[in-house]
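Trainee: Handing over my_file26.cif, mmCIF, C-alpha atoms and all ligand atoms.
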```cif
data_work
#
loop_
_atom_site.label_atom_id
_atom_site.label_comp_id
_atom_site.auth_asym_id
_atom_site.auth_seq_id
_atom_site.Cartn_x
_atom_site.Cartn_y
_atom_site.Cartn_z
CA MET A 1 27.20 28.57 48.59
CA GLY A 2 28.40 31.04 46.01
CA LYS A 3 29.46 28.23 43.71
CA LYS A 4 27.14 26.92 41.02
CA GLU A 5 25.92 23.46 41.86
CA LEU A 6 27.64 20.67 40.02
CA ALA A 7 25.66 17.71 38.70
CA VAL A 8 28.85 15.85 37.80
CA GLU A 9 32.34 16.30 39.15
CA VAL A 10 35.05 13.96 37.90
CA GLN A 11 38.68 14.28 38.94
CA ALA A 12 41.62 12.24 37.69
CA LEU A 13 39.45 9.31 36.61
CA LYS A 14 41.39 6.21 35.64
CA LYS A 15 40.28 2.93 34.18
CA SER A 16 42.17 0.11 32.52
CA PHE A 17 41.01 -3.13 30.96
CA GLY A 18 43.85 -5.55 31.54
CA THR A 19 46.98 -3.73 30.40
CA LYS A 20 45.03 -1.29 28.25
CA GLU A 21 44.67 2.10 29.91
CA VAL A 22 41.39 3.53 28.63
CA LEU A 23 40.84 6.54 30.91
CA LYS A 24 44.08 8.24 31.90
CA GLY A 25 43.20 10.87 34.47
CA LEU A 26 40.07 12.43 33.08
CA ASP A 27 38.56 15.61 34.60
CA LEU A 28 35.03 16.86 33.96
CA SER A 29 32.58 19.27 35.61
CA ILE A 30 28.95 19.61 34.60
CA GLU A 31 26.65 22.24 36.07
CA ARG A 32 23.15 21.25 37.12
CA GLY A 33 20.48 21.96 34.52
CA THR A 34 22.81 22.01 31.52
CA VAL A 35 23.32 19.77 28.52
CA TYR A 36 26.92 18.60 28.30
CA GLY A 37 28.43 16.99 25.24
CA VAL A 38 31.31 14.53 25.33
CA LEU A 39 32.77 14.38 21.86
CA GLY A 40 35.25 11.78 20.76
CA PRO A 41 36.07 9.23 18.09
CA ASN A 42 35.57 5.46 18.31
CA GLY A 43 37.45 4.03 21.24
CA ALA A 44 38.09 7.38 22.95
CA GLY A 45 36.53 6.09 26.18
CA LYS A 46 33.07 7.68 26.03
CA THR A 47 31.05 4.58 26.87
CA THR A 48 33.55 3.61 29.58
CA LEU A 49 33.09 7.06 31.16
CA VAL A 50 29.30 6.80 31.02
CA ASN A 51 29.33 3.27 32.43
CA ILE A 52 31.48 4.34 35.36
CA LEU A 53 29.34 7.41 36.10
CA SER A 54 26.19 5.35 35.96
CA THR A 55 27.68 2.82 38.44
CA LEU A 56 27.80 -0.05 35.94
CA LEU A 57 31.61 -0.20 36.03
CA ARG A 58 34.07 0.47 38.84
CA PRO A 59 36.80 3.05 38.33
CA ASP A 60 40.42 2.20 39.15
CA GLY A 61 41.13 5.62 40.56
CA GLY A 62 40.07 9.24 40.85
CA SER A 63 37.11 10.94 42.48
CA LEU A 64 33.59 10.95 41.09
CA ARG A 65 30.62 12.86 42.43
CA ILE A 66 27.06 13.16 41.16
CA PHE A 67 25.06 15.90 42.88
CA GLY A 68 27.67 15.75 45.61
CA LEU A 69 27.26 12.01 46.17
CA ASP A 70 30.24 9.71 45.86
CA VAL A 71 29.53 7.46 42.87
CA VAL A 72 31.39 4.47 44.30
CA ARG A 73 30.53 4.69 47.99
CA GLU A 74 26.98 6.00 47.60
CA SER A 75 26.04 4.16 44.42
CA ASP A 76 22.48 3.33 45.53
CA ALA A 77 21.66 6.98 46.13
CA VAL A 78 23.33 7.88 42.83
CA ARG A 79 21.26 5.32 40.94
CA ARG A 80 18.07 6.96 42.14
CA LYS A 81 19.11 10.22 40.50
CA ILE A 82 20.14 8.98 37.10
CA GLY A 83 18.71 7.52 33.93
CA LEU A 84 20.76 5.75 31.32
CA THR A 85 20.29 4.83 27.74
CA GLY A 86 23.30 2.97 26.53
CA GLN A 87 24.49 2.44 23.03
CA PHE A 88 22.77 -0.92 23.48
CA ALA A 89 19.77 -0.40 25.73
CA ALA A 90 17.98 -3.00 27.80
CA VAL A 91 14.66 -2.92 25.99
CA ASP A 92 13.12 -6.40 25.63
CA GLU A 93 13.00 -7.15 21.90
CA GLU A 94 9.98 -9.42 22.04
CA LEU A 95 7.77 -7.15 24.10
CA SER A 96 5.79 -4.36 22.51
CA GLY A 97 6.78 -0.75 23.08
CA ARG A 98 3.88 -0.33 25.46
CA ASP A 99 4.70 -3.48 27.45
CA ASN A 100 8.33 -2.43 27.72
CA LEU A 101 7.35 0.93 29.16
CA VAL A 102 4.86 -0.63 31.58
CA LEU A 103 7.51 -3.09 32.70
CA PHE A 104 10.10 -0.37 33.24
CA SER A 105 7.52 1.69 35.16
CA ARG A 106 6.74 -1.27 37.40
CA LEU A 107 10.47 -1.75 38.01
CA ALA A 108 10.72 1.95 38.84
CA GLY A 109 8.15 1.38 41.57
CA TYR A 110 4.92 2.58 39.98
CA SER A 111 1.66 0.80 40.86
CA HIS A 112 0.07 -1.24 38.10
CA ARG A 113 -2.33 1.52 37.25
CA ALA A 114 0.15 4.36 37.46
CA ALA A 115 2.55 2.36 35.29
CA ALA A 116 -0.07 2.00 32.57
CA ALA A 117 -0.85 5.71 32.67
CA ARG A 118 2.82 6.70 32.60
CA ALA A 119 3.45 4.38 29.63
CA GLU A 120 0.59 6.00 27.68
CA GLN A 121 1.93 9.45 28.46
CA LEU A 122 5.42 8.59 27.24
CA LEU A 123 4.15 6.83 24.11
CA ALA A 124 2.26 10.00 23.22
CA ALA A 125 5.14 12.34 24.08
CA PHE A 126 7.58 10.31 21.99
CA ASN A 127 5.22 9.86 19.08
CA LEU A 128 5.05 6.09 19.50
CA LEU A 129 1.30 5.50 19.97
CA GLU A 130 0.86 4.03 16.52
CA ALA A 131 3.66 1.54 17.04
CA ALA A 132 2.80 0.87 20.69
CA ASP A 133 1.62 -2.71 20.19
CA ARG A 134 4.37 -3.85 17.85
CA PRO A 135 7.31 -5.79 19.30
CA ALA A 136 10.38 -3.60 19.82
CA GLU A 137 12.40 -5.74 17.39
CA LYS A 138 10.15 -4.52 14.58
CA TYR A 139 10.85 -0.86 15.31
CA SER A 140 12.85 1.34 12.96
CA GLY A 141 16.12 2.77 14.26
CA GLY A 142 14.51 6.11 15.08
CA MET A 143 11.50 4.59 16.86
CA ARG A 144 13.79 2.32 18.77
CA ARG A 145 15.96 5.21 19.97
CA ARG A 146 12.87 7.11 21.11
CA LEU A 147 11.69 4.05 23.01
CA ASP A 148 15.12 3.74 24.66
CA ILE A 149 15.03 7.34 25.81
CA ALA A 150 11.42 7.04 26.98
CA ALA A 151 12.38 3.99 29.04
CA ALA A 152 15.36 5.81 30.52
CA MET A 153 13.36 8.82 31.61
CA LEU A 154 10.56 6.91 33.30
CA VAL A 155 11.58 8.17 36.65
CA ALA A 156 12.23 11.68 35.33
CA PRO A 157 15.87 11.46 36.32
CA GLU A 158 17.75 14.49 37.56
CA LEU A 159 20.66 13.42 35.38
CA LEU A 160 20.29 11.51 32.14
CA PHE A 161 23.09 9.80 30.24
CA LEU A 162 22.63 9.46 26.50
CA ASP A 163 25.39 7.44 24.88
CA GLU A 164 25.52 8.30 21.16
CA PRO A 165 21.74 8.70 20.97
CA THR A 166 21.68 9.43 17.24
CA THR A 167 24.44 7.29 15.77
CA GLY A 168 23.09 5.49 12.73
CA LEU A 169 19.82 7.44 12.56
CA ASP A 170 18.49 9.16 9.47
CA PRO A 171 18.33 12.99 9.60
CA ARG A 172 14.64 13.06 10.51
CA SER A 173 14.93 10.66 13.40
CA ARG A 174 18.02 12.52 14.52
CA ASN A 175 15.98 15.70 14.67
CA ASP A 176 13.30 13.92 16.71
CA VAL A 177 15.89 12.82 19.24
CA TRP A 178 17.33 16.36 19.37
CA ASP A 179 13.83 17.68 20.14
CA ILE A 180 13.50 15.18 22.96
CA VAL A 181 16.82 16.21 24.46
CA ARG A 182 15.80 19.88 24.30
CA PHE A 183 12.48 19.01 25.90
CA LEU A 184 14.23 17.20 28.75
CA ALA A 185 16.61 20.09 29.28
CA GLU A 186 13.69 22.51 29.50
CA GLN A 187 12.21 20.31 32.23
CA GLY A 188 15.41 20.81 34.20
CA THR A 189 17.07 17.45 33.59
CA THR A 190 20.84 17.63 33.36
CA VAL A 191 21.96 15.69 30.29
CA LEU A 192 25.33 14.15 29.55
CA LEU A 193 25.42 13.14 25.93
CA THR A 194 28.20 11.46 24.03
CA THR A 195 28.53 11.90 20.31
CA GLN A 196 30.89 11.61 17.39
CA TYR A 197 29.32 14.62 15.67
CA LEU A 198 30.42 18.16 16.37
CA GLU A 199 27.18 19.38 14.83
CA GLU A 200 25.16 17.45 17.38
CA ALA A 201 27.11 18.87 20.28
CA ASP A 202 26.73 22.32 18.73
CA GLN A 203 22.96 21.90 18.40
CA LEU A 204 22.36 20.62 21.91
CA ALA A 205 25.17 21.21 24.33
CA ASP A 206 25.81 24.24 26.53
CA ARG A 207 29.38 23.06 26.94
CA LEU A 208 31.40 20.20 25.65
CA ALA A 209 34.58 18.28 26.18
CA VAL A 210 36.57 16.65 23.42
CA ILE A 211 38.17 13.44 24.60
CA ASP A 212 40.92 11.56 22.89
CA ARG A 213 42.38 8.32 24.23
CA GLY A 214 41.10 8.78 27.72
CA VAL A 215 41.88 12.44 28.41
CA VAL A 216 40.09 15.73 27.78
CA ILE A 217 41.95 17.62 25.07
CA ALA A 218 39.59 20.63 24.84
CA GLU A 219 36.69 22.02 26.86
CA GLY A 220 34.33 24.95 26.48
CA THR A 221 31.19 26.19 24.77
CA PRO A 222 30.64 24.99 21.21
CA SER A 223 31.43 28.47 19.89
CA GLU A 224 34.66 28.64 21.87
CA LEU A 225 35.69 25.30 20.52
CA LYS A 226 34.81 26.17 16.95
CA ALA A 227 36.64 29.47 17.25
CA SER A 228 39.74 27.74 18.57
CA VAL A 229 39.59 25.30 15.71
CA GLY A 230 39.33 28.21 13.28
CA SER A 231 36.17 26.60 12.18
CA GLY A 232 33.90 27.01 9.30
CA LYS A 233 33.99 26.49 5.65
CA ILE A 234 32.12 28.27 2.91
CA MET A 235 31.09 25.91 0.17
CA ILE A 236 30.11 27.42 -3.16
CA ARG A 237 28.63 26.08 -6.36
CA LEU A 238 28.84 28.39 -9.34
CA ALA A 239 26.28 28.74 -12.08
CA HIS A 240 29.03 28.69 -14.72
CA PRO A 241 32.13 26.47 -14.41
CA HIS A 242 34.24 28.78 -16.60
CA GLN A 243 34.10 31.41 -13.82
CA ARG A 244 35.74 29.15 -11.28
CA SER A 245 39.29 30.39 -11.51
CA GLU A 246 38.11 33.97 -11.20
CA ALA A 247 36.00 32.97 -8.19
CA GLU A 248 39.04 31.30 -6.69
CA HIS A 249 41.00 34.58 -6.92
CA VAL A 250 38.18 36.56 -5.33
CA LEU A 251 37.88 34.14 -2.41
CA ARG A 252 41.61 34.12 -1.82
CA ARG A 253 41.72 37.91 -1.85
CA VAL A 254 38.77 38.39 0.54
CA LEU A 255 39.37 35.48 2.91
CA HIS A 256 43.19 35.30 2.83
CA THR A 257 43.09 31.54 2.85
CA ASP A 258 43.59 28.53 0.64
CA VAL A 259 40.77 27.69 -1.71
CA ARG A 260 39.90 24.11 -2.42
CA LEU A 261 38.65 23.00 -5.83
CA TYR A 262 36.50 19.91 -6.25
CA ALA A 263 36.02 17.36 -9.00
CA ASP A 264 32.68 19.01 -9.75
CA PRO A 265 33.89 21.92 -11.96
CA THR A 266 31.41 24.34 -10.37
CA ALA A 267 32.40 23.60 -6.75
CA LEU A 268 34.94 25.30 -4.52
CA SER A 269 35.34 25.93 -0.81
CA ALA A 270 37.42 28.03 1.56
CA GLN A 271 38.04 28.17 5.28
CA THR A 272 36.52 31.14 7.04
CA THR A 273 36.35 32.11 10.67
CA ASP A 274 33.05 33.96 10.73
CA ALA A 275 29.82 34.43 8.86
CA ARG A 276 30.45 38.12 8.14
CA GLN A 277 33.59 37.27 6.23
CA ALA A 278 31.67 34.68 4.27
CA ALA A 279 28.99 37.24 3.45
CA ALA A 280 31.67 39.68 2.30
CA ALA A 281 33.07 37.02 0.00
CA LEU A 282 29.66 36.41 -1.56
CA THR A 283 29.18 40.13 -2.09
CA GLU A 284 32.54 40.39 -3.81
CA LEU A 285 31.72 37.45 -6.08
CA ALA A 286 28.47 39.15 -7.12
CA ALA A 287 30.29 42.44 -7.69
CA ALA A 288 32.73 40.63 -10.01
CA GLY A 289 29.80 39.31 -12.04
CA ILE A 290 30.26 35.74 -10.84
CA GLU A 291 26.97 33.97 -10.42
CA THR A 292 26.66 31.56 -7.49
CA ALA A 293 24.05 28.82 -7.81
CA GLN A 294 24.36 27.64 -4.22
CA PHE A 295 26.37 28.28 -1.10
CA SER A 296 26.50 26.95 2.41
CA LEU A 297 28.43 27.55 5.57
CA GLY A 298 29.65 24.29 6.95
CA GLN A 299 30.93 23.28 10.34
CA PRO A 300 34.21 21.52 10.77
CA SER A 301 33.86 17.78 11.10
CA LEU A 302 35.19 15.85 14.07
CA ASP A 303 38.15 14.95 11.85
CA GLU A 304 38.95 18.62 11.30
CA VAL A 305 38.54 19.37 15.01
CA PHE A 306 40.99 16.61 15.83
CA LEU A 307 43.42 17.72 13.22
CA ALA A 308 43.32 21.27 14.61
CA LEU A 309 43.57 20.20 18.26
CA THR A 310 46.10 17.42 18.00
CA GLY A 311 47.76 17.96 14.65
CA LYS A 312 46.80 14.39 13.86
CA ALA A 313 43.87 12.77 12.14
CA VAL A 314 41.53 10.61 14.20
CA GLN A 315 43.40 7.36 14.78
CA GLU A 316 41.55 4.22 13.96
CA GLU A 317 41.43 1.95 16.92
CA GLY A 318 43.63 -1.10 16.62
CA LEU A 319 46.23 0.46 14.34
CA GLU A 320 48.22 1.74 17.29
CA GLU A 321 48.37 -1.76 18.67
CA GLY A 322 49.64 -3.18 15.43
CA MET A 323 46.43 -5.04 14.77
CA VAL A 324 45.28 -5.61 11.22
N1 LIG A 401 35.02 -4.52 28.83
C1 LIG A 401 36.10 -4.20 28.12
N2 LIG A 401 37.16 -5.00 28.06
C2 LIG A 401 38.28 -4.66 27.37
N3 LIG A 401 38.41 -3.53 26.68
C3 LIG A 401 37.38 -2.68 26.68
C4 LIG A 401 36.17 -2.96 27.40
N4 LIG A 401 35.32 -1.91 27.22
C5 LIG A 401 35.96 -1.04 26.43
N5 LIG A 401 37.19 -1.48 26.11
C6 LIG A 401 38.18 -0.74 25.30
O1 LIG A 401 38.30 0.54 25.84
C7 LIG A 401 38.47 1.52 24.81
C8 LIG A 401 37.40 2.59 24.95
O2 LIG A 401 36.14 2.01 24.67
P1 LIG A 401 34.78 2.80 24.79
O3 LIG A 401 33.71 1.84 24.48
O4 LIG A 401 34.71 3.51 26.09
O5 LIG A 401 34.96 3.88 23.62
P2 LIG A 401 33.87 4.84 22.99
O6 LIG A 401 34.47 6.20 23.03
O7 LIG A 401 32.57 4.63 23.62
O8 LIG A 401 33.85 4.35 21.47
P3 LIG A 401 32.60 4.24 20.44
O9 LIG A 401 32.48 5.59 19.82
O10 LIG A 401 33.08 3.22 19.45
O11 LIG A 401 31.39 3.79 21.19
C9 LIG A 401 38.42 0.74 23.52
O12 LIG A 401 39.74 0.50 23.14
C10 LIG A 401 37.73 -0.54 23.88
O13 LIG A 401 38.14 -1.58 23.03
MG MG A 402 30.77 4.03 22.94
#
```
Take the structure in this file and express it as structure tokens.
Ligand SMILES: Nc1ncnc2c1ncn2[C@@H]1O[C@H](COP(=O)(O)OP(=O)(O)OP(=O)(O)O)[C@@H](O)[C@H]1O
Ligand SMILES: [Mg+2]

Mentor:
Amino acid sequence: MGKKELAVEVQALKKSFGTKEVLKGLDLSIERGTVYGVLGPNGAGKTTLVNILSTLLRPDGGSLRIFGLDVVRESDAVRRKIGLTGQFAAVDEELSGRDNLVLFSRLAGYSHRAAAARAEQLLAAFNLLEAADRPAEKYSGGMRRRLDIAAAMLVAPELLFLDEPTTGLDPRSRNDVWDIVRFLAEQGTTVLLTTQYLEEADQLADRLAVIDRGVVIAEGTPSELKASVGSGKIMIRLAHPHQRSEAEHVLRRVLHTDVRLYADPTALSAQTTDARQAAAALTELAAAGIETAQFSLGQPSLDEVFLALTGKAVQEEGLEEGMV
């Protein structure tokens, strides 16, 4: 077997709901032991894909394998290899965090005693000991997401699905979840994660696919994708607003690109393809006696990725169907 082992192999996957075609021949390959990001806007088909792979929904067509097993015909064997935390997980709201984890452990086949021990271990690992006896409905968004992931990994799955694990979380909780994903990946779990944030995919994923209306429109490493998008923006705030037009000239000369001016009279930005170019621009500003108070290198947003890949902005769902 010279070929690298595939955790997930999807070919020509199709799924419709009524007359609405949601997945239109989607292809995806994920190597074992990697973190794979599926990036797409609302309604792109991310949750549908995850639900089909995790055997919760039946596909209409195409071939689907998880660790070589046929997802439709060998769904029981597939279920033993996967963990799932959905956008809306199955945690019992009225039970405490601890009781939820014990219950999930019992369902996963642990003895009473082993279940209690495993629950303690997960509560500690996910920093939930303090909140362990509170009902899940009283948890903050971040605590809740950690509990969801803890519940999903009770059986230490070989493949874990995380459907938008950080949507709606504050930056700190988002970082906690990122740490957990990295921890899982180090343990050898293959992770398929869906997200609407390019930055998240960039932080976590070895490779990623961008999906739009049920097909993959780009695939590769985060750097490949960003390079193809001509990514990156240098954002500058000047110490003195009267130097802005001079700064604008310098940036245009060094970066050969359009410069954007903001309502804040000290702020301007320009597209740049790499960090060295950005550094050169800063050096030139200093040499011209222009004082910068602040600068940052930003990543393109999902909107910018879509614009670059499709020439169109992200389409709001519903508009295409003439809904209001
Ligand atoms: N059970 C269903 N019945 C009918 N339509 C559905 C069903 N599930 C999903 N859809 C439709 O399929 C499309 C894709 O939905 P899906 O939930 O997979 O998107 P998503 O990429 O997960 O979006 P989000 O980022 O909002 O979670 C949407 O147009 C949605 O309305
Ligand atoms: Mg979804």

Trainee: Just the residues within 9 Å of stretch 230-244 of chain A, please, counting all atoms listed in the file, with nothing from its chain fewer than 5 positions along; format it as a ChimeraX atom specification.

Mentor: /A:225,249,261,264-275,278,290-300,304-305,308

Trainee: Using only C-alpha atoms, pick whichever of A:Leu123, A:Leu192, A:Val10, A:Ala185 has the shortest atom-to-atom distance to A:Gly83.

Mentor: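 Looking at the shortest contact to A:Gly83, the residue is A:Leu192.
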
Trainee: All residues within 6 Å of ligand LIG 401 (chain A) are required, counting only C-alpha atoms and all ligand atoms; please report them as a PyMOL selection string.

Mentor: chain A and resi 17+22+41-48

Trainee: Can you write just those residues out, C-alpha atoms, as a short mmCIF file (atom, residue, chain, number, x, y, z; two decimals), in the coordinates of the input?

Mentor:
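Okay, part.cif is ready:
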```cif
data_model
loop_
_atom_site.label_atom_id
_atom_site.label_comp_id
_atom_site.auth_asym_id
_atom_site.auth_seq_id
_atom_site.Cartn_x
_atom_site.Cartn_y
_atom_site.Cartn_z
CA PHE A 17 41.01 -3.13 30.96
CA VAL A 22 41.39 3.53 28.63
CA PRO A 41 36.07 9.23 18.09
CA ASN A 42 35.57 5.46 18.31
CA GLY A 43 37.45 4.03 21.24
CA ALA A 44 38.09 7.38 22.95
CA GLY A 45 36.53 6.09 26.18
CA LYS A 46 33.07 7.68 26.03
CA THR A 47 31.05 4.58 26.87
CA THR A 48 33.55 3.61 29.58
#
```

Trainee: Within 7 Å of A:Arg207, counting only C-alpha atoms, which residues show up once you throw out same-chain ones fewer than 4 positions away? Write them as a list in words, please.

Mentor: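 In the requested form, the answer reads Tyr36, Gly37, Gly220, Thr221 and Pro222 of chain A.
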
Trainee: In Å, with one decimal, what is the gap from atom CA of A:Arg276 to atom CA of A:Ala218?

Mentor: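 Interatomic distance here is 25.9 Å.
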
Trainee: Compare A:Val216, A:Ala131, A:Leu193, A:Ala108 by their minimum atom-to-atom distance to ligand MG 402 (chain A), counting only C-alpha atoms and all ligand atoms, and give me the closest one.

Mentor: A:Leu193

Trainee: Could you list, as a count of residues only, every residue within 12 Å of A:Arg146, counting all atoms listed in the file and ignoring same-chain residues fewer than 3 positions away?

Mentor: 39

Trainee: With all atoms listed in the file as the basis for distance, which of A:Ile66, A:Val50, A:Ala227, A:Val35 is at the shortest distance from A:Arg182?

Mentor: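 That would be A:Val35, the residue with the smallest distance to A:Arg182.
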
Trainee: For a quick check of your reading of the model, name the residues lying within 10 Å of the coordinate (36.5, 7.4, 29.7), counting all atoms listed in the file, and write them as number ranges by chain.

Mentor: A: 13-16, 21-27, 38, 43-53, 59, 211-216

Trainee: For A:Val8, find every residue with an atom within 6 Å (counting only C-alpha atoms), except residues of its own chain fewer than 6 positions away, and show them as a list in words.

Mentor: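 Here the answer would be Ser29, Ile30, Arg65 and Ile66 of chain A.
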
Trainee: With all atoms listed in the file as the basis for distance, which of A:Arg144, A:Gln196, A:Glu186, A:Leu307 is at the shortest distance from A:Ser228?

Mentor: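 Checking each candidate against A:Ser228, we get A:Leu307 as the closest.
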
Trainee: Measuring atom to atom with all atoms listed in the file, identify which of A:Asp170, A:Ala280, A:Gly40, A:Leu184 is nearest to ligand MG 402 (chain A).

Mentor: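 Under the stated criterion, the closest residue is A:Gly40.
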
Trainee: Between A:Asp258, A:Glu224, A:Glu219, A:Glu164, which has the minimum distance to ligand MG 402 (chain A) (counting only C-alpha atoms and all ligand atoms)?

Mentor: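 Under the stated criterion, the closest residue is A:Glu164.
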
Trainee: Could you give me, as a list of chain:residue names, the residues that sit within 8 Å of (6.8, 3.1, 35.5) in the file's coordinates, counting all atoms listed in the file?

Mentor: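 Here the neighbourhood of the point contains A:Leu101, A:Val102, A:Leu103, A:Phe104, A:Ser105, A:Arg106, A:Leu107, A:Ala108, A:Gly109, A:Tyr110, A:Ser111, A:Ala114, A:Ala115, A:Ala116, A:Arg118, A:Ala119, A:Leu154, A:Val155.
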
Trainee: Can you work out the spacing between atom CA of A:Asp202 and atom CA of A:Thr167 in Å, to one decimal?

Mentor: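 Here the two named atoms are 15.5 Å from each other.
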
Trainee: One decimal, in Å: what's the spacing between atom CA of A:Leu6 and atom CA of A:Gly33?

Mentor: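 One can read the atom CA of A:Leu6 to atom CA of A:Gly33 distance as 9.1 Å.
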